[in-house]
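K.L.:
Here you go, upload.txt (compact mmCIF, C-alpha atoms):
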```txt
# COMPACT_ATOMS: atom_id res chain seq x y z
CA MET A 186 78.00 -41.37 66.49
CA THR A 187 79.21 -41.97 62.92
CA SER A 188 77.68 -40.41 59.83
CA ARG A 189 76.36 -43.84 58.83
CA GLU A 190 74.55 -44.12 62.16
CA ARG A 191 73.19 -40.57 61.96
CA TRP A 192 72.09 -40.58 58.32
CA PRO A 193 71.27 -44.16 57.35
CA SER A 194 68.70 -43.12 54.75
CA ARG A 195 71.42 -41.50 52.62
CA LEU A 196 73.81 -44.41 52.76
CA MET A 197 71.56 -47.49 52.74
CA LYS A 198 69.97 -48.65 49.48
CA LYS A 199 66.25 -49.30 49.29
CA PRO A 200 65.36 -52.97 48.95
CA THR A 201 65.13 -53.99 45.29
CA ALA A 202 61.56 -54.66 44.20
CA SER A 203 60.81 -58.23 43.28
CA THR A 204 60.36 -59.00 39.60
CA ILE A 205 58.27 -61.53 37.79
CA ARG A 206 61.49 -63.46 37.13
CA ASN A 207 62.05 -63.78 40.89
CA VAL A 208 58.52 -65.16 41.27
CA ALA A 209 59.01 -67.61 38.41
CA HIS A 210 62.31 -68.85 39.88
CA ALA A 211 60.80 -69.27 43.35
CA ALA A 212 57.77 -71.12 42.00
CA GLY A 213 59.81 -73.30 39.64
CA VAL A 214 57.91 -72.25 36.50
CA SER A 215 58.55 -70.05 33.50
CA VAL A 216 58.04 -66.27 33.40
CA THR A 217 55.38 -66.80 30.73
CA THR A 218 53.44 -69.16 32.99
CA VAL A 219 53.47 -66.64 35.85
CA SER A 220 52.38 -63.81 33.53
CA ARG A 221 49.51 -65.76 32.02
CA HIS A 222 48.40 -67.01 35.44
CA LEU A 223 48.32 -63.51 36.95
CA ASN A 224 46.39 -62.18 33.93
CA GLY A 225 43.86 -65.02 34.12
CA ARG A 226 44.78 -66.36 30.69
CA ILE A 227 45.80 -69.86 31.70
CA LYS A 228 44.35 -72.60 33.90
CA LEU A 229 47.00 -74.38 35.95
CA PRO A 230 46.94 -77.39 38.27
CA ALA A 231 46.05 -76.41 41.82
CA GLU A 232 49.55 -77.28 43.09
CA THR A 233 51.23 -75.01 40.52
CA SER A 234 48.81 -72.16 41.20
CA GLU A 235 49.51 -72.45 44.92
CA ARG A 236 53.29 -72.32 44.36
CA ILE A 237 52.91 -69.13 42.35
CA ARG A 238 50.58 -67.61 44.93
CA ALA A 239 53.01 -68.42 47.74
CA ALA A 240 55.95 -66.97 45.79
CA VAL A 241 54.03 -63.76 45.06
CA ALA A 242 53.15 -63.40 48.76
CA LYS A 243 56.64 -64.19 50.06
CA LEU A 244 58.41 -61.85 47.62
CA GLU A 245 55.68 -59.17 47.95
CA TYR A 246 55.54 -58.96 44.18
CA ARG A 247 53.38 -56.19 42.73
CA PRO A 248 52.70 -56.33 38.96
CA ASN A 249 53.37 -53.16 37.01
CA ALA A 250 49.82 -52.25 36.08
CA ILE A 251 50.81 -49.62 33.51
CA ALA A 252 53.18 -51.97 31.71
CA ARG A 253 50.57 -54.73 31.73
CA ARG A 254 47.95 -52.45 30.22
CA LEU A 255 50.33 -51.21 27.54
CA SER A 256 51.28 -54.77 26.60
CA LYS A 257 47.63 -55.67 26.26
CA GLY A 258 46.76 -52.47 24.38
CA SER A 259 44.05 -51.80 26.94
CA SER A 260 43.31 -49.29 29.67
CA GLU A 261 41.27 -51.93 31.53
CA THR A 262 38.80 -49.10 32.15
CA ILE A 263 35.29 -48.55 30.83
CA GLY A 264 33.07 -45.50 31.04
CA LEU A 265 29.42 -44.96 31.92
CA ILE A 266 27.67 -41.81 30.72
CA VAL A 267 24.46 -41.00 32.61
CA SER A 268 22.19 -38.01 32.06
CA ASP A 269 21.59 -37.41 35.78
CA ILE A 270 23.33 -39.45 38.48
CA SER A 271 20.86 -38.12 41.07
CA TYR A 272 18.03 -40.00 39.34
CA PRO A 273 17.57 -43.04 41.62
CA PHE A 274 17.21 -45.62 38.84
CA PHE A 275 20.35 -44.38 37.05
CA ALA A 276 22.32 -44.34 40.31
CA ALA A 277 21.33 -47.95 40.98
CA ILE A 278 22.44 -48.97 37.47
CA ALA A 279 25.78 -47.20 37.99
CA SER A 280 26.36 -49.01 41.28
CA ALA A 281 25.64 -52.41 39.75
CA ALA A 282 27.79 -51.63 36.70
CA GLU A 283 30.78 -50.66 38.86
CA GLU A 284 30.49 -53.87 40.87
CA GLU A 285 30.32 -56.03 37.74
CA ALA A 286 33.19 -54.20 36.05
CA SER A 287 35.36 -54.73 39.12
CA ARG A 288 34.49 -58.42 39.18
CA LEU A 289 35.62 -58.71 35.56
CA GLY A 290 38.89 -56.89 36.21
CA TYR A 291 37.93 -53.46 34.90
CA SER A 292 37.70 -50.04 36.49
CA LEU A 293 34.61 -47.98 35.76
CA VAL A 294 34.61 -44.21 35.32
CA MET A 295 31.25 -42.46 35.63
CA PHE A 296 30.49 -39.36 33.53
CA ASN A 297 27.49 -37.19 34.47
CA SER A 298 26.35 -35.41 31.29
CA ARG A 299 23.47 -33.47 32.89
CA ASN A 300 21.62 -34.41 29.69
CA ILE A 301 23.77 -31.99 27.66
CA ALA A 302 24.65 -33.35 24.22
CA ALA A 303 27.99 -31.51 24.06
CA LYS A 304 29.11 -33.24 27.25
CA GLU A 305 28.12 -36.64 25.89
CA LEU A 306 30.16 -36.00 22.73
CA ALA A 307 33.18 -34.93 24.80
CA PHE A 308 32.92 -37.99 27.03
CA LEU A 309 32.69 -40.32 24.01
CA SER A 310 36.00 -38.87 22.82
CA ARG A 311 37.65 -40.58 25.79
CA ILE A 312 37.58 -43.73 23.64
CA ASP A 313 39.58 -41.96 20.91
CA ASP A 314 42.11 -40.82 23.53
CA ALA A 315 42.45 -44.41 24.84
CA GLN A 316 41.42 -43.26 28.32
CA VAL A 317 38.70 -45.92 28.30
CA ASP A 318 38.27 -49.09 26.27
CA GLY A 319 34.54 -48.55 25.75
CA ILE A 320 31.52 -46.65 27.02
CA LEU A 321 28.01 -47.43 28.22
CA LEU A 322 25.80 -44.56 27.06
CA MET A 323 22.56 -43.67 28.85
CA THR A 324 21.31 -40.63 26.98
CA ASN A 325 17.94 -39.09 27.78
CA HIS A 326 17.21 -36.61 24.99
CA PRO A 327 16.49 -36.69 21.24
CA ASP A 328 19.51 -36.62 18.93
CA ASP A 329 20.06 -33.91 16.33
CA GLY A 330 22.43 -36.14 14.36
CA ALA A 331 25.67 -35.27 16.14
CA LEU A 332 25.42 -38.09 18.65
CA VAL A 333 24.77 -40.86 16.13
CA GLU A 334 27.64 -39.57 13.99
CA LYS A 335 30.00 -39.68 16.96
CA ILE A 336 28.89 -43.14 18.07
CA ASN A 337 29.37 -44.54 14.57
CA ALA A 338 32.83 -42.98 14.37
CA CYS A 339 33.80 -44.63 17.67
CA SER A 340 34.00 -48.28 18.53
CA ASN A 341 32.92 -50.11 21.65
CA VAL A 342 29.78 -48.20 22.63
CA VAL A 343 26.71 -49.90 24.12
CA LEU A 344 23.40 -48.02 24.35
CA VAL A 345 21.57 -48.57 27.62
CA ASP A 346 17.90 -47.82 28.41
CA GLU A 347 17.36 -45.32 25.55
CA ASP A 348 18.05 -45.50 21.82
CA VAL A 349 20.02 -43.28 19.46
CA PRO A 350 18.33 -44.01 16.10
CA GLY A 351 20.79 -44.99 13.40
CA ALA A 352 23.62 -45.80 15.80
CA ILE A 353 25.68 -48.88 14.99
CA ALA A 354 25.97 -50.24 18.51
CA PRO A 355 24.59 -53.00 20.71
CA ARG A 356 21.54 -52.02 22.76
CA LEU A 357 20.09 -53.03 26.12
CA PHE A 358 16.52 -51.84 26.73
CA ALA A 359 13.68 -52.62 29.09
CA ASP A 360 10.67 -54.39 27.66
CA ASN A 361 8.78 -51.09 27.58
CA ARG A 362 5.77 -52.37 25.69
CA LEU A 363 5.15 -55.27 28.06
CA GLY A 364 5.50 -53.00 31.07
CA ALA A 365 3.02 -50.44 29.74
CA GLN A 366 0.60 -53.21 28.81
CA LEU A 367 0.76 -54.71 32.30
CA ALA A 368 0.19 -51.31 33.92
CA THR A 369 -2.72 -50.36 31.68
CA ASP A 370 -4.38 -53.77 31.89
CA HIS A 371 -4.15 -53.61 35.69
CA LEU A 372 -6.06 -50.33 35.72
CA LEU A 373 -8.60 -51.66 33.20
CA ALA A 374 -9.13 -54.76 35.36
CA HIS A 375 -10.14 -52.48 38.24
CA GLY A 376 -12.86 -50.93 36.11
CA HIS A 377 -11.12 -47.74 34.94
CA GLU A 378 -11.90 -46.32 31.51
CA ALA A 379 -10.80 -42.70 31.89
CA ILE A 380 -7.09 -43.53 32.17
CA ALA A 381 -4.45 -40.84 31.63
CA PHE A 382 -0.90 -41.31 30.37
CA VAL A 383 2.00 -39.22 31.68
CA GLY A 384 5.26 -39.72 29.79
CA GLY A 385 8.74 -38.37 29.26
CA PRO A 386 10.05 -36.62 26.13
CA PRO A 387 7.85 -37.90 23.26
CA ALA A 388 10.79 -38.51 20.90
CA LEU A 389 12.48 -41.00 23.22
CA LEU A 390 12.19 -44.73 22.58
CA SER A 391 10.82 -45.40 26.07
CA SER A 392 8.07 -42.80 25.67
CA LYS A 393 7.11 -44.05 22.22
CA GLU A 394 6.96 -47.70 23.24
CA ARG A 395 5.16 -47.12 26.53
CA PHE A 396 2.58 -44.80 25.01
CA GLY A 397 2.09 -47.14 22.04
CA ALA A 398 1.38 -50.12 24.30
CA PHE A 399 -0.89 -47.97 26.51
CA LYS A 400 -2.91 -46.99 23.44
CA ASP A 401 -3.05 -50.60 22.21
CA SER A 402 -4.28 -51.89 25.57
CA LEU A 403 -7.09 -49.34 25.61
CA GLY A 404 -7.97 -50.28 22.04
CA HIS A 405 -8.19 -53.96 22.90
CA SER A 406 -10.79 -53.00 25.51
CA GLY A 407 -12.79 -50.95 23.00
CA LEU A 408 -11.53 -47.62 24.36
CA ARG A 409 -9.76 -44.71 22.73
CA VAL A 410 -7.11 -42.41 24.12
CA ASN A 411 -8.56 -39.10 25.27
CA PRO A 412 -6.13 -36.39 24.08
CA ASP A 413 -6.97 -34.36 27.21
CA HIS A 414 -5.63 -37.24 29.28
CA VAL A 415 -2.16 -37.35 27.69
CA PHE A 416 0.83 -35.41 29.01
CA PHE A 417 4.45 -35.52 27.85
CA GLY A 418 7.25 -33.75 29.73
CA ASP A 419 10.53 -34.76 31.31
CA TYR A 420 11.14 -37.83 33.42
CA ASP A 421 11.06 -35.91 36.69
CA GLU A 422 8.70 -34.98 39.52
CA HIS A 423 8.20 -31.44 38.18
CA SER A 424 6.53 -32.82 35.05
CA GLY A 425 4.38 -35.11 37.18
CA LEU A 426 3.22 -32.14 39.23
CA ARG A 427 2.41 -30.13 36.09
CA ALA A 428 0.48 -33.08 34.68
CA ILE A 429 -1.81 -33.49 37.69
CA LEU A 430 -2.47 -29.74 37.86
CA GLN A 431 -3.44 -29.81 34.18
CA PHE A 432 -5.74 -32.80 34.64
CA ALA A 433 -7.35 -31.22 37.73
CA ALA A 434 -8.49 -28.26 35.66
CA LEU A 435 -10.48 -30.47 33.28
CA ASP A 436 -14.23 -30.92 33.39
CA ASN A 437 -13.63 -34.65 32.83
CA PRO A 438 -10.54 -35.56 34.89
CA PRO A 439 -9.19 -39.11 34.64
CA THR A 440 -9.95 -41.71 37.28
CA ALA A 441 -6.52 -43.31 36.93
CA ILE A 442 -3.05 -42.43 35.68
CA PHE A 443 -0.28 -44.55 34.23
CA ALA A 444 2.90 -42.59 35.02
CA SER A 445 5.63 -43.98 32.79
CA ALA A 446 8.35 -43.28 35.38
CA ASP A 447 8.29 -43.38 39.17
CA MET A 448 9.68 -39.84 39.40
CA LEU A 449 6.61 -38.67 37.46
CA ALA A 450 4.44 -40.60 39.91
CA LEU A 451 6.13 -38.83 42.84
CA GLY A 452 5.24 -35.45 41.31
CA ILE A 453 1.66 -36.60 40.78
CA LEU A 454 1.40 -37.67 44.42
CA GLN A 455 2.79 -34.30 45.49
CA GLY A 456 0.13 -32.52 43.43
CA CYS A 457 -2.61 -34.77 44.77
CA ARG A 458 -1.75 -33.77 48.32
CA LYS A 459 -1.87 -30.08 47.41
CA LEU A 460 -5.24 -30.51 45.72
CA GLY A 461 -6.79 -32.78 48.36
CA ILE A 462 -7.06 -35.70 45.94
CA LYS A 463 -6.84 -39.04 47.73
CA VAL A 464 -4.91 -41.92 46.16
CA PRO A 465 -6.36 -44.44 45.51
CA ALA A 466 -9.84 -43.45 46.72
CA ASP A 467 -10.17 -40.56 44.24
CA LEU A 468 -7.44 -41.41 41.75
CA SER A 469 -5.55 -44.62 41.00
CA LEU A 470 -1.87 -44.50 40.04
CA VAL A 471 0.70 -46.90 38.56
CA GLY A 472 4.38 -46.05 38.09
CA PHE A 473 7.25 -47.50 36.06
CA ASP A 474 10.78 -48.37 37.33
CA ASP A 475 9.98 -49.51 40.90
CA ILE A 476 12.77 -47.40 42.36
CA ARG A 477 13.95 -47.93 45.90
CA ASN A 478 11.52 -47.01 48.70
CA VAL A 479 8.36 -46.54 46.60
CA ASP A 480 6.95 -49.25 48.84
CA LEU A 481 7.30 -46.77 51.73
CA LEU A 482 5.11 -44.11 50.13
CA ASP A 483 1.59 -43.40 51.35
CA PRO A 484 0.06 -45.29 49.67
CA PRO A 485 2.76 -47.77 48.60
CA LEU A 486 3.08 -47.39 44.83
CA THR A 487 2.03 -50.10 42.41
CA ALA A 488 4.74 -50.06 39.74
CA ILE A 489 6.34 -51.84 36.82
CA HIS A 490 9.61 -53.28 38.09
CA GLN A 491 12.72 -53.23 35.91
CA SER A 492 15.91 -54.41 37.59
CA ALA A 493 18.62 -51.76 37.80
CA GLU A 494 21.01 -54.47 38.96
CA GLU A 495 20.29 -56.54 35.84
CA PHE A 496 20.74 -53.46 33.66
CA GLY A 497 24.14 -52.67 35.16
CA ARG A 498 25.43 -56.23 35.20
CA ARG A 499 24.33 -57.16 31.68
CA ALA A 500 25.39 -53.83 30.17
CA VAL A 501 28.96 -54.27 31.44
CA GLY A 502 29.05 -57.86 30.17
CA LEU A 503 27.82 -56.76 26.75
CA LEU A 504 30.40 -54.00 26.51
CA ILE A 505 33.34 -56.19 27.52
CA ASP A 506 32.23 -58.89 25.08
CA HIS A 507 31.99 -56.18 22.42
CA ILE A 508 35.48 -54.92 23.26
CA ASN A 509 36.83 -58.46 22.96
CA GLY A 510 35.26 -58.92 19.52
CA ALA A 511 32.57 -61.40 20.50
CA GLU A 512 29.42 -61.66 18.41
CA ILE A 513 26.50 -60.23 20.39
CA PRO A 514 22.86 -59.45 19.51
CA ASP A 515 21.99 -55.99 18.18
CA ALA A 516 19.43 -55.53 20.97
CA GLU A 517 18.60 -57.36 24.17
CA PRO A 518 15.54 -56.83 26.42
CA VAL A 519 15.49 -56.55 30.19
CA THR A 520 12.41 -58.25 31.60
CA VAL A 521 9.79 -56.34 33.58
CA LYS A 522 6.97 -57.30 35.92
CA LEU A 523 4.04 -55.66 37.70
CA VAL A 524 4.50 -55.20 41.46
CA VAL A 525 1.06 -54.70 43.01
CA ARG A 526 0.82 -52.55 46.13
CA HIS A 527 -1.93 -50.15 47.26
CA SER A 528 -2.20 -47.21 44.84
CA VAL A 529 -5.02 -48.65 42.71
CA ALA A 530 -8.71 -49.01 43.55
CA ALA A 531 -12.01 -49.22 41.69
CA PRO A 532 -13.11 -45.83 40.28
CA ARG A 533 -15.45 -43.67 42.34
CA ILE A 534 -18.90 -42.86 41.01
CA ARG A 535 -18.20 -39.18 41.81
CA GLN A 536 -14.57 -38.35 41.35
CA TRP A 537 -12.19 -35.95 42.99
CA GLU A 538 -14.47 -34.74 45.76
CA PRO A 539 -12.99 -32.31 48.30
CA ALA A 540 -10.78 -33.85 50.95
CA GLY A 541 -12.78 -35.38 53.77
CA ASN A 542 -15.73 -36.45 51.63
CA ALA A 543 -14.09 -39.54 50.25
CA SER A 544 -15.91 -42.79 50.87
CA SER A 545 -13.98 -45.51 52.66
CA ASP A 546 -15.71 -48.46 51.01
CA ASN A 547 -13.42 -48.66 47.96
CA HIS A 548 -11.11 -51.65 47.87
CA ALA A 549 -7.49 -50.93 46.98
CA ASP A 550 -5.40 -53.54 45.23
CA LYS A 551 -3.57 -55.91 47.53
CA SER A 552 0.02 -57.14 47.57
```
Show this structure as structure tokens.

P.N.:
Amino acid sequence: MTSRERWPSRLMKKPTASTIRNVAHAAGVSVTTVSRHLNGRIKLPAETSERIRAAVAKLEYRPNAIARRLSKGSSETIGLIVSDISYPFFAAIASAAEEEASRLGYSLVMFNSRNIAAKELAFLSRIDDAQVDGILLMTNHPDDGALVEKINACSNVVLVDEDVPGAIAPRLFADNRLGAQLATDHLLAHGHEAIAFVGGPPALLSSKERFGAFKDSLGHSGLRVNPDHVFFGDYDEHSGLRAILQFAALDNPPTAIFASADMLALGILQGCRKLGIKVPADLSLVGFDDIRNVDLLDPPLTAIHQSAEEFGRRAVGLLIDHINGAEIPDAEPVTVKLVVRHSVAAPRIRQWEPAGNASSDNHADKS
């Protein structure tokens, strides 16, 4: 056996990789035409496109992604900063955003800030380092001034779901006021007057707008907000549990609660089970978000629906348009609607009786 037969890998050259010039020659077009076609920057006749496609397949041509990105001055990557990826609504937005980014030819990198401002600032610096072309920011805490300063020093940031006052950036928010109005009016229509509000951090845009519309809806019905029936905390189940325990200790507990996030509503339901409070026989409840599987709760939760898929898709589109220098509105709303299930009923004459004494003749709302 010769050395060539024994050690072919040392003596035989690797096949030369195909170049864009090879593809252009095989397809009978210019290098520029192939480049623009592969980058989606030119519309060609079907016959020409097919010749290029066939040449790429036959020659097994693979574009140099790094060189392409450098020539375009783009990383073809965008970032998404979320405060807590375990929050179901945020996770659903992230999933939709990744799908839309991929469809538009971008990669998406997700950053989980754990609602820590220093992490958000560090992640925004990825724009300065050219690691991403832009960032979708979903903050969930009040700003002390550092965040707005950083956003305004960057370019290509879109605010999603919550505001950073003073930031020069496009915004995509839910129609919080309409959602809160629909929720409150639904409870009023069932005869409730002692309606409680459970919200997130009071300084956040969502909390302000939802509480403001809640108060307005009561006012339009000739009612005032009872300060004992208002609770602000975090947008999580722990705050919902604390809220219901606080209300249960009152001499005049509410007959209904508008929980301005579904995670708050889950905590309220948890507390109701501990206290023997039946929903909706003893207490009616409406949530906000309409996260996945709230229809499987007992009872299925009536909630304000805002589309996570629409949030993710439109946010990515806004950011890419912003990156490309297109003129876009300063703020855009995401529509909401009331989804009626079975967590609301007419108020009891005697509220919050011990478990087992609840009357069965109340009529819950129907889908």

K.L.:
Closest to Ala354 (chain A) among A:Gly497, A:Val521, A:Pro514, A:Leu367, using all atoms listed in the file?

P.N.:
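Ranked by minimum distance to Ala354 (chain A), first place goes to A:Pro514.
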
K.L.:
Restricting the calculation to only C-alpha atoms: of A:Gly213, A:Pro532, A:Gly502, A:Gly425, which residue gets closest to Ser287 (chain A)?

P.N.:
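With only C-alpha atoms as the atom set, the closest residue is A:Gly502.
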
K.L.:
Using all atoms listed in the file, find the one residue out of A:Ser469, A:Ser492, A:Ser292, A:Gln431 that sits nearest to Gln316 (chain A).

P.N.:
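So, comparing all the options, the nearest one is A:Ser292.
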
K.L.:
Hey, what's within 10 Å of region 308-310 of chain A if we count only C-alpha atoms and toss same-chain stuff fewer than 6 positions away? As a list of chain:residue names, please?

P.N.:
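Contacts, with the query itself left out: A:Gly264, A:Leu265, A:Ile266, A:Met295, A:Phe296, A:Asn297, A:Ser298, A:Ala302, A:Gln316, A:Val317, A:Gly319, A:Ile320, A:Leu321, A:Leu322, A:Leu332, A:Lys335, A:Ile336, A:Ala338, A:Cys339, A:Ser340, A:Val342.
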
K.L.:
So how many Å separate CA of Tyr291 (chain A) and CA of Asp475 (chain A), to one decimal?

P.N.:
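Rounded to one decimal, the two atoms are 28.9 Å apart.
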
K.L.:
Can you pull out every residue within 8 Å of Tyr420 (chain A), counting only C-alpha atoms, but drop anything in the same chain fewer than 2 positions away, and send it as an MDAnalysis selection string?

P.N.:
chainID A and resid 384:386 418 422 424 446 448:449

K.L.:
Just checking: using only C-alpha atoms, which residue out of A:Val415, A:Ala211, A:Ala450, A:Leu223 ends up closest to Pro387 (chain A)?

P.N.:
A:Val415

K.L.:
What gap, in Å, lies between CA of Pro438 (chain A) and CA of Leu426 (chain A)?

P.N.:
14.8 Å

K.L.:
Interatomic distance between CA of Asn361 (chain A) and CA of Lys522 (chain A)?

P.N.:
10.6 Å

K.L.:
Could you give me, as number ranges by chain, the residues within 9 Å of region 394-409 of chain A, counting all atoms listed in the file and dropping anything in the same chain fewer than 2 positions from it?

P.N.:
A: 360-370, 373, 378, 380, 382-384, 387, 389-392, 411, 443, 445

K.L.:
Restricting the calculation to all atoms listed in the file: of A:Glu285, A:Asp348, A:Asp447, A:Glu494, which residue gets closest to Asn478 (chain A)?

P.N.:
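Answer, going by the shortest atom-to-atom distance: A:Asp447.
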
K.L.:
Please write region 347-364 of chain A of the preceding block to a file containing N, CA, C and O atoms, as a PDB file, in the first residue's frame?

P.N.:
```pdb
ATOM      1  N   GLU A 347     -45.029  48.799  28.427  1.00  0.00           N
ATOM      2  CA  GLU A 347     -44.913  49.818  29.476  1.00  0.00           C
ATOM      3  C   GLU A 347     -44.098  50.993  28.969  1.00  0.00           C
ATOM      4  O   GLU A 347     -43.235  50.845  28.089  1.00  0.00           O
ATOM      5  N   ASP A 348     -44.329  52.163  29.555  1.00  0.00           N
ATOM      6  CA  ASP A 348     -43.671  53.392  29.115  1.00  0.00           C
ATOM      7  C   ASP A 348     -42.439  53.695  29.959  1.00  0.00           C
ATOM      8  O   ASP A 348     -42.318  53.248  31.110  1.00  0.00           O
ATOM      9  N   VAL A 349     -41.524  54.444  29.376  1.00  0.00           N
ATOM     10  CA  VAL A 349     -40.435  55.098  30.104  1.00  0.00           C
ATOM     11  C   VAL A 349     -40.615  56.588  29.823  1.00  0.00           C
ATOM     12  O   VAL A 349     -40.251  57.062  28.746  1.00  0.00           O
ATOM     13  N   PRO A 350     -41.231  57.336  30.741  1.00  0.00           N
ATOM     14  CA  PRO A 350     -41.547  58.744  30.481  1.00  0.00           C
ATOM     15  C   PRO A 350     -40.319  59.538  30.054  1.00  0.00           C
ATOM     16  O   PRO A 350     -39.251  59.422  30.652  1.00  0.00           O
ATOM     17  N   GLY A 351     -40.491  60.319  28.995  1.00  0.00           N
ATOM     18  CA  GLY A 351     -39.412  61.151  28.497  1.00  0.00           C
ATOM     19  C   GLY A 351     -38.548  60.483  27.448  1.00  0.00           C
ATOM     20  O   GLY A 351     -37.703  61.141  26.829  1.00  0.00           O
ATOM     21  N   ALA A 352     -38.735  59.193  27.224  1.00  0.00           N
ATOM     22  CA  ALA A 352     -37.914  58.482  26.242  1.00  0.00           C
ATOM     23  C   ALA A 352     -38.311  58.888  24.829  1.00  0.00           C
ATOM     24  O   ALA A 352     -39.493  59.028  24.515  1.00  0.00           O
ATOM     25  N   ILE A 353     -37.302  59.084  23.988  1.00  0.00           N
ATOM     26  CA  ILE A 353     -37.540  59.387  22.580  1.00  0.00           C
ATOM     27  C   ILE A 353     -37.476  58.062  21.829  1.00  0.00           C
ATOM     28  O   ILE A 353     -36.407  57.619  21.389  1.00  0.00           O
ATOM     29  N   ALA A 354     -38.616  57.414  21.728  1.00  0.00           N
ATOM     30  CA  ALA A 354     -38.675  56.088  21.120  1.00  0.00           C
ATOM     31  C   ALA A 354     -40.110  55.770  20.745  1.00  0.00           C
ATOM     32  O   ALA A 354     -41.043  56.228  21.415  1.00  0.00           O
ATOM     33  N   PRO A 355     -40.308  54.987  19.694  1.00  0.00           N
ATOM     34  CA  PRO A 355     -41.657  54.524  19.372  1.00  0.00           C
ATOM     35  C   PRO A 355     -42.188  53.640  20.502  1.00  0.00           C
ATOM     36  O   PRO A 355     -41.421  53.000  21.229  1.00  0.00           O
ATOM     37  N   ARG A 356     -43.515  53.585  20.615  1.00  0.00           N
ATOM     38  CA  ARG A 356     -44.151  52.846  21.697  1.00  0.00           C
ATOM     39  C   ARG A 356     -45.281  51.978  21.151  1.00  0.00           C
ATOM     40  O   ARG A 356     -45.989  52.383  20.236  1.00  0.00           O
ATOM     41  N   LEU A 357     -45.447  50.813  21.770  1.00  0.00           N
ATOM     42  CA  LEU A 357     -46.559  49.917  21.437  1.00  0.00           C
ATOM     43  C   LEU A 357     -47.204  49.481  22.745  1.00  0.00           C
ATOM     44  O   LEU A 357     -46.596  48.732  23.521  1.00  0.00           O
ATOM     45  N   PHE A 358     -48.416  49.965  23.007  1.00  0.00           N
ATOM     46  CA  PHE A 358     -49.097  49.696  24.272  1.00  0.00           C
ATOM     47  C   PHE A 358     -50.467  49.091  24.015  1.00  0.00           C
ATOM     48  O   PHE A 358     -51.078  49.320  22.966  1.00  0.00           O
ATOM     49  N   ALA A 359     -50.976  48.370  25.010  1.00  0.00           N
ATOM     50  CA  ALA A 359     -52.363  47.926  24.970  1.00  0.00           C
ATOM     51  C   ALA A 359     -53.282  49.116  25.213  1.00  0.00           C
ATOM     52  O   ALA A 359     -52.869  50.132  25.807  1.00  0.00           O
ATOM     53  N   ASP A 360     -54.497  49.005  24.758  1.00  0.00           N
ATOM     54  CA  ASP A 360     -55.499  50.033  25.054  1.00  0.00           C
ATOM     55  C   ASP A 360     -55.989  49.790  26.480  1.00  0.00           C
ATOM     56  O   ASP A 360     -57.058  49.216  26.709  1.00  0.00           O
ATOM     57  N   ASN A 361     -55.166  50.215  27.444  1.00  0.00           N
ATOM     58  CA  ASN A 361     -55.437  49.933  28.853  1.00  0.00           C
ATOM     59  C   ASN A 361     -56.736  50.539  29.343  1.00  0.00           C
ATOM     60  O   ASN A 361     -57.473  49.906  30.117  1.00  0.00           O
ATOM     61  N   ARG A 362     -57.026  51.744  28.907  1.00  0.00           N
ATOM     62  CA  ARG A 362     -58.235  52.420  29.383  1.00  0.00           C
ATOM     63  C   ARG A 362     -59.491  51.712  28.893  1.00  0.00           C
ATOM     64  O   ARG A 362     -60.432  51.515  29.663  1.00  0.00           O
ATOM     65  N   LEU A 363     -59.494  51.312  27.637  1.00  0.00           N
ATOM     66  CA  LEU A 363     -60.669  50.596  27.119  1.00  0.00           C
ATOM     67  C   LEU A 363     -60.844  49.279  27.854  1.00  0.00           C
ATOM     68  O   LEU A 363     -61.963  48.909  28.223  1.00  0.00           O
ATOM     69  N   GLY A 364     -59.752  48.554  28.076  1.00  0.00           N
ATOM     70  CA  GLY A 364     -59.854  47.279  28.767  1.00  0.00           C
ATOM     71  C   GLY A 364     -60.419  47.415  30.165  1.00  0.00           C
ATOM     72  O   GLY A 364     -61.304  46.651  30.585  1.00  0.00           O
TER      73      GLY A 364
END
```
